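Below is one structure, written out as structure tokens, with a few remarks after it.
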Amino acid sequence: MSMPWYVAPEQFMKDKADFARKNIARGRPLVAVVYDDGILICAENQSTSLHKVSEIYDRIAFAGVGRYNEFDQLRRSGVQHADIKGYQFSREDVDARSLANLYAQYMGNVFTHEMKPLEVEILVAEVGDRPGRDQLFHILYDGSVVDEDRSTVLGGEADAIAGRLDGSFRAGWGLAEALVGATRALEGPDRSVNPKDLEVAVLQRSNGRRAFRRLDQAEVQRLLTEGGAPGGEPDVNLPGGTAGGSAGGLPTG
């Protein structure tokens, strides 16, 4: 009888973490930042139908990077959970913190007990009733939760993008200025991003109960112009570029 291969638990967990990080880093990044009237979420996404950013509930948004089919399944589960909780109790009982905790528990269990971890990072964001009460929960592939107070970055080159965003961040800036700052953070010094390749949404306090709003290409272009981008395109002419891919023809977001 042959003996099974033995792998130390520490090495097994390290290999799973390296696997998840490597595949997540292949995807195009996403930036979320607070502004004077809420939260802006800006992602590189060439698809017009497969969204990285979506609404979960009245004042809560979901965003993900990595393997699309995995984070979209998490999004659908979050929508169902929020709808049921809001119906059974009240709409005010649905909050981003409890939803982020549920996601963290599930993703942590998958990472610990399954052979393959989820190749995703997700964001659960909730706009507050006034500035200073916005919440950003960045959840990693292993279930770790990072509670951010003003901005967060998901996906590849997150540290470099976060550094550029911190350098331009200004408390109380408007939507146009925030969008320009997020776009330039995504671009970096060596490349540019075309506005048509941006997926942009906001959680806007002034929208009332349904705070989520998706920005179309014309509005994105107008805001970039208002924000001081030269010609409305601040380093935003991506010369081609290829979208990430994943198994089964689904994109890596």
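Residue names in the structure tokens use chain letters A, B, ... in the order shown, residue numbers from 1 in each chain, and ligand numbers from 1 in the order shown.
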
Counting only C-alpha atoms, which residues of region 17-62 of chain A fall within 12 Å of region 151-163 of chain A, and what is the closest atom pair for each with its distance in Å at one decimal, ordered by chain and rising number, as CSV?
residue,atom,partner,partner_atom,distance
A:Ala20,CA,A:Gly155,CA,11.1
A:Arg21,CA,A:Gly156,CA,8.8
A:Lys22,CA,A:Gly156,CA,8.8
A:Asn23,CA,A:Gly156,CA,9.1
A:Ile24,CA,A:Gly155,CA,5.9
A:Ala25,CA,A:Gly156,CA,3.8
A:Arg26,CA,A:Gly156,CA,6.2
A:Gly27,CA,A:Gly155,CA,6.1
A:Arg28,CA,A:Gly155,CA,6.3
A:Pro29,CA,A:Gly155,CA,4.4
A:Leu30,CA,A:Leu154,CA,5.1
A:Val31,CA,A:Val153,CA,4.7
A:Ala32,CA,A:Thr152,CA,5.4
A:Val33,CA,A:Ser151,CA,4.1
A:Val34,CA,A:Ser151,CA,6.3
A:Tyr35,CA,A:Ser151,CA,9.7
A:Gly38,CA,A:Ser151,CA,11.7
A:Ile39,CA,A:Ser151,CA,8.9
A:Leu40,CA,A:Ser151,CA,9.3
A:Ile41,CA,A:Ser151,CA,9.5
A:Cys42,CA,A:Val153,CA,9.8
A:Ala43,CA,A:Leu154,CA,9.2
A:Glu44,CA,A:Gly155,CA,10.4
A:Lys52,CA,A:Leu154,CA,11.2

For Gln135 (chain A): contacts at 9 Å, only C-alpha atoms, fewer than 3 positions along chain excluded, given as number ranges by chain: A: 39, 96-97, 124-128, 132, 147-150

Suppose we keep N, CA and C atoms; can you now write the selection as an mmCIF file, in the first residue's frame?
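Below is the file that was written, part38.cif:
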data_model
loop_
_atom_site.group_PDB
_atom_site.id
_atom_site.type_symbol
_atom_site.label_atom_id
_atom_site.label_comp_id
_atom_site.auth_asym_id
_atom_site.auth_seq_id
_atom_site.Cartn_x
_atom_site.Cartn_y
_atom_site.Cartn_z
ATOM 1 N N ILE A 39 -19.871 57.892 -1.518
ATOM 2 C CA ILE A 39 -18.766 56.997 -1.839
ATOM 3 C C ILE A 39 -18.730 56.787 -3.352
ATOM 4 N N ALA A 96 -23.992 47.199 6.384
ATOM 5 C CA ALA A 96 -22.802 46.666 5.725
ATOM 6 C C ALA A 96 -21.934 45.844 6.669
ATOM 7 N N ARG A 97 -21.881 46.216 7.935
ATOM 8 C CA ARG A 97 -21.000 45.513 8.878
ATOM 9 C C ARG A 97 -21.411 44.044 9.040
ATOM 10 N N VAL A 124 -17.637 45.713 0.526
ATOM 11 C CA VAL A 124 -19.000 46.043 0.934
ATOM 12 C C VAL A 124 -18.959 47.475 1.467
ATOM 13 N N ALA A 125 -19.693 48.376 0.816
ATOM 14 C CA ALA A 125 -19.660 49.796 1.177
ATOM 15 C C ALA A 125 -21.054 50.262 1.552
ATOM 16 N N GLU A 126 -21.116 51.120 2.556
ATOM 17 C CA GLU A 126 -22.394 51.694 2.981
ATOM 18 C C GLU A 126 -22.226 53.193 3.190
ATOM 19 N N VAL A 127 -23.102 53.975 2.582
ATOM 20 C CA VAL A 127 -23.050 55.418 2.745
ATOM 21 C C VAL A 127 -23.811 55.802 4.011
ATOM 22 N N GLY A 128 -23.226 56.692 4.801
ATOM 23 C CA GLY A 128 -23.854 57.141 6.030
ATOM 24 C C GLY A 128 -24.810 58.288 5.806
ATOM 25 N N GLY A 132 -18.447 61.306 7.278
ATOM 26 C CA GLY A 132 -17.777 60.734 8.432
ATOM 27 C C GLY A 132 -18.384 59.433 8.900
ATOM 28 N N ASP A 147 -11.251 47.316 7.649
ATOM 29 C CA ASP A 147 -12.220 48.399 7.784
ATOM 30 C C ASP A 147 -11.524 49.707 7.433
ATOM 31 N N GLU A 148 -11.868 50.273 6.273
ATOM 32 C CA GLU A 148 -11.234 51.513 5.807
ATOM 33 C C GLU A 148 -12.136 52.702 6.112
ATOM 34 N N ASP A 149 -11.518 53.857 6.299
ATOM 35 C CA ASP A 149 -12.318 55.032 6.643
ATOM 36 C C ASP A 149 -12.446 56.043 5.514
ATOM 37 N N ARG A 150 -11.556 55.993 4.517
ATOM 38 C CA ARG A 150 -11.685 56.978 3.439
ATOM 39 C C ARG A 150 -11.451 56.410 2.048
#

Backbone DSSP call of alpha helix (DSSP H) for region 25-207 of chain A, listed as a count of residues only: 64

Strand (DSSP E) residues, from DSSP on the backbone, in region 56-138 of chain A, as a PyMOL selection string: chain A and resi 56-57+60-66+120-126+135-138

Using all heavy atoms, can you export the residues from the last selection as a short mmCIF file (atom, residue, chain, number, x, y, z; two decimals), in the first residue's frame?
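After the write, result-v5.cif holds the following:
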data_model
loop_
_atom_site.label_atom_id
_atom_site.label_comp_id
_atom_site.auth_asym_id
_atom_site.auth_seq_id
_atom_site.Cartn_x
_atom_site.Cartn_y
_atom_site.Cartn_z
N ILE A 56 -26.45 46.25 -3.45
CA ILE A 56 -26.91 45.17 -2.58
C ILE A 56 -28.25 45.52 -1.95
O ILE A 56 -29.20 44.74 -1.99
CB ILE A 56 -25.88 44.90 -1.46
CG1 ILE A 56 -24.63 44.23 -2.04
CG2 ILE A 56 -26.49 44.02 -0.37
CD1 ILE A 56 -24.78 42.75 -2.31
N TYR A 57 -28.34 46.72 -1.39
CA TYR A 57 -29.57 47.15 -0.72
C TYR A 57 -29.62 48.66 -0.79
O TYR A 57 -28.83 49.29 -1.51
CB TYR A 57 -29.60 46.64 0.71
CG TYR A 57 -30.98 46.41 1.27
CD1 TYR A 57 -31.83 45.48 0.68
CD2 TYR A 57 -31.43 47.09 2.38
CE1 TYR A 57 -33.10 45.25 1.20
CE2 TYR A 57 -32.70 46.86 2.91
CZ TYR A 57 -33.53 45.94 2.30
OH TYR A 57 -34.78 45.71 2.80
N ILE A 60 -26.28 50.28 0.37
CA ILE A 60 -25.13 49.37 0.41
C ILE A 60 -24.79 48.93 -1.01
O ILE A 60 -25.66 48.59 -1.81
CB ILE A 60 -25.44 48.13 1.27
CG1 ILE A 60 -25.83 48.56 2.69
CG2 ILE A 60 -24.25 47.18 1.30
CD1 ILE A 60 -26.29 47.41 3.56
N ALA A 61 -23.50 48.96 -1.32
CA ALA A 61 -23.00 48.52 -2.62
C ALA A 61 -22.01 47.38 -2.44
O ALA A 61 -21.39 47.23 -1.38
CB ALA A 61 -22.34 49.68 -3.38
N PHE A 62 -21.87 46.59 -3.49
CA PHE A 62 -20.94 45.46 -3.53
C PHE A 62 -20.01 45.65 -4.72
O PHE A 62 -20.43 46.10 -5.78
CB PHE A 62 -21.73 44.16 -3.68
CG PHE A 62 -20.88 42.93 -3.89
CD1 PHE A 62 -20.55 42.11 -2.81
CD2 PHE A 62 -20.41 42.59 -5.14
CE1 PHE A 62 -19.79 40.98 -2.99
CE2 PHE A 62 -19.65 41.45 -5.34
CZ PHE A 62 -19.33 40.64 -4.26
N ALA A 63 -18.74 45.32 -4.54
CA ALA A 63 -17.79 45.34 -5.66
C ALA A 63 -16.83 44.17 -5.49
O ALA A 63 -16.55 43.74 -4.36
CB ALA A 63 -17.03 46.67 -5.70
N GLY A 64 -16.34 43.65 -6.60
CA GLY A 64 -15.43 42.52 -6.52
C GLY A 64 -14.41 42.54 -7.63
O GLY A 64 -14.63 43.10 -8.71
N VAL A 65 -13.27 41.92 -7.38
CA VAL A 65 -12.25 41.69 -8.39
C VAL A 65 -11.81 40.24 -8.28
O VAL A 65 -11.94 39.61 -7.23
CB VAL A 65 -11.03 42.63 -8.21
CG1 VAL A 65 -11.42 44.09 -8.33
CG2 VAL A 65 -10.35 42.38 -6.87
N GLY A 66 -11.27 39.73 -9.38
CA GLY A 66 -10.83 38.35 -9.42
C GLY A 66 -11.69 37.55 -10.37
O GLY A 66 -12.05 38.02 -11.45
N VAL A 120 -10.95 35.78 -5.17
CA VAL A 120 -11.64 37.07 -5.21
C VAL A 120 -11.25 37.92 -4.01
O VAL A 120 -10.84 37.41 -2.97
CB VAL A 120 -13.18 36.91 -5.21
CG1 VAL A 120 -13.66 36.15 -6.43
CG2 VAL A 120 -13.66 36.22 -3.95
N GLU A 121 -11.37 39.23 -4.18
CA GLU A 121 -11.45 40.18 -3.10
C GLU A 121 -12.73 40.97 -3.31
O GLU A 121 -13.08 41.29 -4.45
CB GLU A 121 -10.25 41.14 -3.09
CG GLU A 121 -8.93 40.50 -2.70
CD GLU A 121 -7.80 41.51 -2.67
OE1 GLU A 121 -8.08 42.73 -2.76
OE2 GLU A 121 -6.64 41.09 -2.59
N ILE A 122 -13.42 41.29 -2.24
CA ILE A 122 -14.69 42.00 -2.39
C ILE A 122 -14.72 43.22 -1.48
O ILE A 122 -13.97 43.31 -0.50
CB ILE A 122 -15.90 41.09 -2.12
CG1 ILE A 122 -15.92 40.60 -0.67
CG2 ILE A 122 -15.93 39.92 -3.09
CD1 ILE A 122 -17.18 39.83 -0.31
N LEU A 123 -15.62 44.12 -1.83
CA LEU A 123 -15.85 45.34 -1.05
C LEU A 123 -17.33 45.44 -0.73
O LEU A 123 -18.18 45.25 -1.61
CB LEU A 123 -15.41 46.56 -1.85
CG LEU A 123 -15.82 47.93 -1.30
CD1 LEU A 123 -15.01 48.26 -0.04
CD2 LEU A 123 -15.64 49.02 -2.34
N VAL A 124 -17.64 45.71 0.53
CA VAL A 124 -19.00 46.04 0.93
C VAL A 124 -18.96 47.48 1.47
O VAL A 124 -18.25 47.76 2.44
CB VAL A 124 -19.54 45.08 2.01
CG1 VAL A 124 -20.95 45.47 2.40
CG2 VAL A 124 -19.50 43.64 1.51
N ALA A 125 -19.69 48.38 0.82
CA ALA A 125 -19.66 49.80 1.18
C ALA A 125 -21.05 50.26 1.55
O ALA A 125 -22.04 49.85 0.94
CB ALA A 125 -19.13 50.63 0.00
N GLU A 126 -21.12 51.12 2.56
CA GLU A 126 -22.39 51.69 2.98
C GLU A 126 -22.23 53.19 3.19
O GLU A 126 -21.30 53.63 3.88
CB GLU A 126 -22.89 51.05 4.27
CG GLU A 126 -24.23 51.61 4.75
CD GLU A 126 -24.76 50.90 5.98
OE1 GLU A 126 -24.05 50.05 6.54
OE2 GLU A 126 -25.90 51.22 6.41
N GLN A 135 -18.89 53.74 5.39
CA GLN A 135 -18.17 52.53 5.79
C GLN A 135 -17.68 51.78 4.55
O GLN A 135 -18.44 51.61 3.57
CB GLN A 135 -19.06 51.61 6.62
CG GLN A 135 -19.49 52.22 7.95
CD GLN A 135 -20.36 51.27 8.77
OE1 GLN A 135 -21.19 50.56 8.22
NE2 GLN A 135 -20.15 51.26 10.07
N LEU A 136 -16.42 51.34 4.61
CA LEU A 136 -15.81 50.56 3.54
C LEU A 136 -15.19 49.31 4.16
O LEU A 136 -14.26 49.41 4.95
CB LEU A 136 -14.73 51.36 2.81
CG LEU A 136 -15.15 52.65 2.12
CD1 LEU A 136 -13.92 53.45 1.71
CD2 LEU A 136 -16.00 52.34 0.89
N PHE A 137 -15.71 48.13 3.79
CA PHE A 137 -15.18 46.87 4.32
C PHE A 137 -14.56 46.09 3.16
O PHE A 137 -15.27 45.62 2.27
CB PHE A 137 -16.28 46.05 4.99
CG PHE A 137 -16.88 46.72 6.19
CD1 PHE A 137 -18.10 47.36 6.11
CD2 PHE A 137 -16.21 46.72 7.41
CE1 PHE A 137 -18.66 47.97 7.22
CE2 PHE A 137 -16.77 47.34 8.53
CZ PHE A 137 -17.98 47.97 8.43
N HIS A 138 -13.25 45.96 3.21
CA HIS A 138 -12.49 45.23 2.19
C HIS A 138 -12.24 43.82 2.73
O HIS A 138 -11.59 43.64 3.75
CB HIS A 138 -11.17 45.98 1.94
CG HIS A 138 -10.27 45.32 0.96
ND1 HIS A 138 -9.02 45.81 0.65
CD2 HIS A 138 -10.42 44.22 0.19
CE1 HIS A 138 -8.45 45.03 -0.24
NE2 HIS A 138 -9.28 44.05 -0.54
#

Using only C-alpha atoms, which residues sit within 8 Å of region 105-107 of chain A once same-chain residues fewer than 4 positions away are excluded, as an mmCIF file with all heavy atoms, in the first residue's frame?
data_model
loop_
_atom_site.group_PDB
_atom_site.id
_atom_site.type_symbol
_atom_site.label_atom_id
_atom_site.label_comp_id
_atom_site.auth_asym_id
_atom_site.auth_seq_id
_atom_site.Cartn_x
_atom_site.Cartn_y
_atom_site.Cartn_z
ATOM 1 N N ASN A 101 -19.371 40.690 7.771
ATOM 2 C CA ASN A 101 -19.018 39.591 8.671
ATOM 3 C C ASN A 101 -19.462 38.247 8.107
ATOM 4 O O ASN A 101 -18.734 37.244 8.218
ATOM 5 C CB ASN A 101 -19.653 39.815 10.047
ATOM 6 C CG ASN A 101 -18.954 40.908 10.836
ATOM 7 O OD1 ASN A 101 -17.781 41.197 10.614
ATOM 8 N ND2 ASN A 101 -19.679 41.522 11.753
ATOM 9 N N PHE A 111 -11.512 29.013 2.516
ATOM 10 C CA PHE A 111 -10.051 29.037 2.488
ATOM 11 C C PHE A 111 -9.467 27.959 3.398
ATOM 12 O O PHE A 111 -8.476 27.308 3.061
ATOM 13 C CB PHE A 111 -9.548 30.409 2.929
ATOM 14 C CG PHE A 111 -8.049 30.538 2.902
ATOM 15 C CD1 PHE A 111 -7.378 30.779 1.716
ATOM 16 C CD2 PHE A 111 -7.302 30.421 4.066
ATOM 17 C CE1 PHE A 111 -5.999 30.879 1.686
ATOM 18 C CE2 PHE A 111 -5.930 30.529 4.052
ATOM 19 C CZ PHE A 111 -5.273 30.765 2.858
ATOM 20 N N PRO A 117 -9.111 27.913 -2.692
ATOM 21 C CA PRO A 117 -9.755 29.097 -2.109
ATOM 22 C C PRO A 117 -10.482 29.901 -3.178
ATOM 23 O O PRO A 117 -10.285 29.701 -4.380
ATOM 24 C CB PRO A 117 -8.569 29.888 -1.552
ATOM 25 C CG PRO A 117 -7.433 29.529 -2.466
ATOM 26 C CD PRO A 117 -7.653 28.088 -2.829
ATOM 27 N N LEU A 118 -11.324 30.815 -2.732
ATOM 28 C CA LEU A 118 -11.960 31.745 -3.657
ATOM 29 C C LEU A 118 -10.922 32.720 -4.190
ATOM 30 O O LEU A 118 -10.145 33.296 -3.423
ATOM 31 C CB LEU A 118 -13.085 32.497 -2.959
ATOM 32 C CG LEU A 118 -14.283 31.665 -2.510
ATOM 33 C CD1 LEU A 118 -15.243 32.520 -1.698
ATOM 34 C CD2 LEU A 118 -14.991 31.040 -3.688
ATOM 35 N N TYR A 141 -9.433 37.165 0.300
ATOM 36 C CA TYR A 141 -9.735 35.780 -0.086
ATOM 37 C C TYR A 141 -9.780 34.821 1.103
ATOM 38 O O TYR A 141 -10.462 33.794 1.048
ATOM 39 C CB TYR A 141 -8.680 35.292 -1.087
ATOM 40 C CG TYR A 141 -7.264 35.425 -0.561
ATOM 41 C CD1 TYR A 141 -6.692 34.426 0.200
ATOM 42 C CD2 TYR A 141 -6.530 36.588 -0.802
ATOM 43 C CE1 TYR A 141 -5.406 34.572 0.722
ATOM 44 C CE2 TYR A 141 -5.262 36.728 -0.293
ATOM 45 C CZ TYR A 141 -4.707 35.725 0.455
ATOM 46 O OH TYR A 141 -3.439 35.874 0.978
ATOM 47 N N ASP A 142 -9.059 35.127 2.185
ATOM 48 C CA ASP A 142 -9.015 34.229 3.338
ATOM 49 C C ASP A 142 -10.003 34.618 4.434
ATOM 50 O O ASP A 142 -9.984 34.056 5.526
ATOM 51 C CB ASP A 142 -7.604 34.166 3.916
ATOM 52 C CG ASP A 142 -7.106 35.524 4.417
ATOM 53 O OD1 ASP A 142 -7.821 36.530 4.215
ATOM 54 O OD2 ASP A 142 -6.012 35.580 5.001
ATOM 55 N N GLY A 143 -10.867 35.582 4.150
ATOM 56 C CA GLY A 143 -11.857 36.012 5.120
ATOM 57 C C GLY A 143 -11.417 37.159 6.001
ATOM 58 O O GLY A 143 -12.209 37.616 6.839
#

Which of A:Arg91, A:Arg184, A:Arg191, A:Arg133 sits closest to Arg205 (chain A) [using only C-alpha atoms]: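 Ranked by minimum distance to Arg205 (chain A), first place goes to A:Arg133.
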
With a distance cut-off of 12 Å and only C-alpha atoms, select the neighbouring residues of region 84-88 of chain A, excluding the residue or stretch itself and same-chain residues fewer than 5 positions from it, and output the selection as a PDB file with C-alpha atoms, in the first residue's frame.
ATOM      1  CA  ILE A  56     -26.907  45.169  -2.582  1.00  0.00           C
ATOM      2  CA  TYR A  57     -29.568  47.148  -0.721  1.00  0.00           C
ATOM      3  CA  ASP A  58     -30.807  50.694  -0.181  1.00  0.00           C
ATOM      4  CA  SER A  77     -26.153  35.659  -1.957  1.00  0.00           C
ATOM      5  CA  GLY A  78     -25.741  39.088  -0.363  1.00  0.00           C
ATOM      6  CA  VAL A  79     -28.774  40.480  -2.176  1.00  0.00           C
ATOM      7  CA  ASP A  93     -31.541  46.475  10.233  1.00  0.00           C
ATOM      8  CA  VAL A  94     -29.696  45.708   6.984  1.00  0.00           C
ATOM      9  CA  ASP A  95     -26.187  47.093   7.376  1.00  0.00           C
ATOM     10  CA  SER A  98     -23.145  42.406   9.435  1.00  0.00           C
ATOM     11  CA  LEU A  99     -23.061  41.593   5.725  1.00  0.00           C
TER      12      LEU A  99
END

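Proximity of A:Arg59, A:Lys14, A:Arg75, A:Lys116 to Gln204 (chain A), computed with only C-alpha atoms, is greatest for A:Arg59.
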
Neighbour list for Asp37 (chain A) as an MDAnalysis selection string, cut-off 10 Å, only C-alpha atoms, skip fewer than 5 positions in-chain: chainID A and resid 127:131 134 172:175 202:207

For CA of Asn194 (chain A) and CA of Val220 (chain A), the interatomic separation in Å (one decimal): 10.6 Å

Spatial neighbours of Leu215 (chain A), 9 Å, only C-alpha atoms, chain gap at least 3 places, as a list of chain:residue names: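 Contacts, with the query itself left out: A:Glu199, A:Val200, A:Ala201, A:Val202, A:Ala218, A:Glu219, A:Val220.
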
Distance criterion (only C-alpha atoms): nearest to Pro9 (chain A) out of A:His113, A:Leu224, A:Leu50, A:Glu177: A:His113

Residue nearest Glu119 (chain A) among A:Gln80, A:Gln46, A:Asn69, A:Ser90 (counting only C-alpha atoms):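 Comparing A:Gln80, A:Gln46, A:Asn69, A:Ser90 against Glu119 (chain A), the winner is A:Asn69.
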